[in-house]
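Asks: Dropping the structure in here first, questions after.
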Amino acid sequence: MKRPQSPNTRLLRAGRPHKGWVNTPVTRASSYIFENVEHWRDTRNRRDAERMLSYAARGTDSTYALKDALVELEGGYRAKVFPTGQAAIATILLGYLGQGDHVLITDAVYAPVRRFCSRQLSRMGVEHDYYRADGCDLAGRIKPNTRLIYVESPGSLAYEMVDLPAIVRLARAHGCLVAVDNTWGSGLLYRPLALGADISVMAATKYLGGHSDVMLGTVVTNQAAWQPMEEAAVDLGQTVGADDAWLTLRGMRSLAVRLAAHGQNALTVARWLQSRPEVACVHCPALPDSPSHALWLRDCSGTNGLLTVEFAPMFDAAAAIRFINALQLFGVGASWGGYESLALPVDMPGARTETDWSGRGGMARLHIGLESPEDLIADIEAALQALRG
Ligand SMILES: *Cc1c(COP(=O)(O)O)cnc(C)c1O
């Protein structure tokens, strides 16, 4: 009888050899040598439908092991891997959209995707519009040519969540697909495919890698949405090297314990920040006063290291920058998800087009790492002096 297993146990078992070494060895490769011309021809005829070793761009033992673990993590049909999260997102937009199509993008989208839409999609005759980060205006924005709804939940910078199952129902009624950037949830905290989405994309650069030493993007889809992804990834020549696949898979083995520790540390720091008079609000869906808290309770199984601090209105953007520069344990850096703490200024009025964020205090995004939270709090307390000027 098959015993039930938790997502973490399944993740630890996926993508491993059936016997022998614990881990799949690193296969650095390009050309595969066939037994004869017939074997070469037969492989080429079958490789679109079947997993076969044929050319390293199509897959090696290393990338297949990673894809197996990703399919297990996200609960989908098949996976593709990319050199960056941005490349994975670009391949989704190119693969599912064509001239005359329309895509709806969340206002909470990772900023470089906005640039991709205005610079690349527009040039190709694909229309795009933005909907509000909480999704409340989405239904009214669907057009007859809307092919894709692009979600990021919790979203970038302020972590607003959407009611994903409700968006999926809306999309089904209009015959469009739903793609979700799942970098925040990283497959363990949030599971978009289980909530009905067709496509889930992650920057494995962040928590899956987890050590700031690798860049990689992932896409997992359901069976119905698979074919255009398979074709777009192959046509655009998207693949990853064996060392990067191996590093990502190695990071994934400790994903659950790292996320739990990041989340615990972040909540400890968040509660302390909330007690401070300089702080107007801490943005994080796991905090009970967050507008997304009910959705977070319903759809997420935990939180991660991300917090965005909004200072009281008397502290402007320049004050927030003084605060960040005074931090000693936080690096000034963008790519969160590693073990280290990071801080960056947040310009919400500049980042959003569908809601007005002007007239509020300066903001800073913190990635709470695996350092002791007491040390991080002491560092933040000292930096609040610089905030006050
Ligand atoms: C970082 C990030 C990406 C892009 O990942 P890269 O690997 O840096 O290209 C995409 N989406 C979100 C939400 C991110 O935070």
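So you can find residues: chains in the structure tokens are A, B, ... in the order shown, residues in each start at 1, and ligands are numbered from 1 in order.
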Write out as a ChimeraX atom specification the set of residues from stretch 44-275 of chain A that DSSP, computed on the backbone, places in alpha helix (DSSP H).

Replies: /A:44-46,61-74,85-96,111-116,138-141,164-174,226-235,242-252,255-274

Asks: Among the residues of stretch 180-341 of chain A, find those DSSP assigns to strand (DSSP E) from the backbone and print them as an mmCIF file with N, CA and C atoms, in the first residue's frame.

Replies:
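New file states_14.cif:
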```cif
data_model
loop_
_atom_site.group_PDB
_atom_site.id
_atom_site.type_symbol
_atom_site.label_atom_id
_atom_site.label_comp_id
_atom_site.auth_asym_id
_atom_site.auth_seq_id
_atom_site.Cartn_x
_atom_site.Cartn_y
_atom_site.Cartn_z
ATOM 1 N N VAL A 180 1.151 32.148 -13.599
ATOM 2 C CA VAL A 180 1.442 32.744 -12.286
ATOM 3 C C VAL A 180 2.945 32.753 -12.034
ATOM 4 N N ASP A 181 3.472 33.926 -11.684
ATOM 5 C CA ASP A 181 4.845 34.004 -11.181
ATOM 6 C C ASP A 181 4.813 33.542 -9.730
ATOM 7 N N ILE A 199 -0.093 27.603 -15.821
ATOM 8 C CA ILE A 199 1.358 27.744 -15.973
ATOM 9 C C ILE A 199 1.905 28.374 -14.690
ATOM 10 N N SER A 200 2.986 27.798 -14.154
ATOM 11 C CA SER A 200 3.654 28.411 -13.001
ATOM 12 C C SER A 200 5.108 28.646 -13.368
ATOM 13 N N VAL A 201 5.590 29.854 -13.103
ATOM 14 C CA VAL A 201 6.979 30.201 -13.415
ATOM 15 C C VAL A 201 7.668 30.649 -12.131
ATOM 16 N N MET A 202 8.926 30.252 -11.975
ATOM 17 C CA MET A 202 9.675 30.676 -10.785
ATOM 18 C C MET A 202 11.078 31.131 -11.185
ATOM 19 N N ALA A 203 11.559 32.152 -10.486
ATOM 20 C CA ALA A 203 12.983 32.482 -10.538
ATOM 21 C C ALA A 203 13.640 31.577 -9.497
ATOM 22 N N GLY A 217 15.714 29.814 -14.232
ATOM 23 C CA GLY A 217 14.272 30.009 -14.258
ATOM 24 C C GLY A 217 13.577 28.692 -14.549
ATOM 25 N N THR A 218 12.345 28.543 -14.063
ATOM 26 C CA THR A 218 11.613 27.293 -14.265
ATOM 27 C C THR A 218 10.185 27.589 -14.732
ATOM 28 N N VAL A 219 9.656 26.707 -15.570
ATOM 29 C CA VAL A 219 8.233 26.749 -15.921
ATOM 30 C C VAL A 219 7.679 25.342 -15.774
ATOM 31 N N VAL A 220 6.569 25.208 -15.064
ATOM 32 C CA VAL A 220 5.838 23.944 -15.010
ATOM 33 C C VAL A 220 4.420 24.253 -15.456
ATOM 34 N N THR A 221 3.854 23.416 -16.330
ATOM 35 C CA THR A 221 2.475 23.653 -16.786
ATOM 36 C C THR A 221 1.625 22.421 -16.524
ATOM 37 N N VAL A 279 7.613 53.614 12.014
ATOM 38 C CA VAL A 279 7.071 52.711 10.983
ATOM 39 C C VAL A 279 5.560 52.890 10.862
ATOM 40 N N ALA A 280 5.093 53.213 9.651
ATOM 41 C CA ALA A 280 3.644 53.324 9.424
ATOM 42 C C ALA A 280 3.043 51.941 9.245
ATOM 43 N N CYS A 281 3.757 51.090 8.534
ATOM 44 C CA CYS A 281 3.192 49.776 8.235
ATOM 45 C C CYS A 281 4.263 48.854 7.679
ATOM 46 N N VAL A 282 4.104 47.554 7.945
ATOM 47 C CA VAL A 282 4.996 46.548 7.357
ATOM 48 C C VAL A 282 4.153 45.728 6.389
ATOM 49 N N HIS A 283 4.585 45.689 5.125
ATOM 50 C CA HIS A 283 3.841 44.928 4.116
ATOM 51 C C HIS A 283 4.318 43.486 4.112
ATOM 52 N N LEU A 306 10.636 38.041 2.937
ATOM 53 C CA LEU A 306 10.397 39.382 2.372
ATOM 54 C C LEU A 306 9.474 40.230 3.234
ATOM 55 N N LEU A 307 9.917 41.462 3.470
ATOM 56 C CA LEU A 307 9.111 42.465 4.168
ATOM 57 C C LEU A 307 9.338 43.787 3.451
ATOM 58 N N THR A 308 8.307 44.587 3.277
ATOM 59 C CA THR A 308 8.536 45.961 2.828
ATOM 60 C C THR A 308 8.060 46.893 3.933
ATOM 61 N N VAL A 309 8.988 47.728 4.397
ATOM 62 C CA VAL A 309 8.698 48.651 5.496
ATOM 63 C C VAL A 309 8.271 49.986 4.913
ATOM 64 N N GLU A 310 7.110 50.462 5.340
ATOM 65 C CA GLU A 310 6.658 51.796 4.949
ATOM 66 C C GLU A 310 6.815 52.700 6.172
ATOM 67 N N PHE A 311 7.671 53.696 6.053
ATOM 68 C CA PHE A 311 7.902 54.592 7.179
ATOM 69 C C PHE A 311 6.769 55.612 7.274
ATOM 70 N N GLY A 331 22.999 43.647 2.952
ATOM 71 C CA GLY A 331 23.641 44.113 1.731
ATOM 72 C C GLY A 331 22.662 44.923 0.908
ATOM 73 N N VAL A 332 23.171 45.931 0.182
ATOM 74 C CA VAL A 332 22.325 46.662 -0.765
ATOM 75 C C VAL A 332 22.312 45.834 -2.035
#
```

Asks: If we count only C-alpha atoms and set the cut-off at 12 Å, which residues sit around A:Ser358, ignoring sequence neighbours fewer than 6 positions away in its own chain? Please answer as number ranges by chain.

Replies: A: 313, 316-317, 347-352

Asks: At a cut-off of 7 Å and counting only C-alpha atoms and all ligand atoms, what residues surround ligand 1? Please answer as a PyMOL selection string.

Replies: chain A and resi 84-87+110+152+156+181+183-184+202-206+215-217+335

Asks: I want to know what sits within 7 Å of stretch 377-379 of chain A, based on only C-alpha atoms, with residues of the same chain fewer than 3 positions away left out; could you give that as a list in words?

Replies: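 Returned residues: Val269, Leu327, Gln328, Leu329, Pro373, Glu374, Ala382 and Ala383 of chain A.
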
Asks: Would you list the contacts of A:Thr27 as a ChimeraX atom specification, taking every protein, DNA or RNA residue within 9 Å and counting only C-alpha atoms, but skipping same-chain residues closer than 6 positions in sequence?

Replies: /A:60-63,241-243

Asks: Pick from A:Val214, A:Val346, A:Leu53, A:Ala179: nearest to A:Ala111, with only C-alpha atoms counted?

Replies: A:Val346

Asks: Between A:Ser290, A:Ser186, A:Asn325, A:Asn304, which has the minimum distance to A:Gly263 (counting only C-alpha atoms)?

Replies: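 Closest to A:Gly263 of all the choices is A:Asn304.
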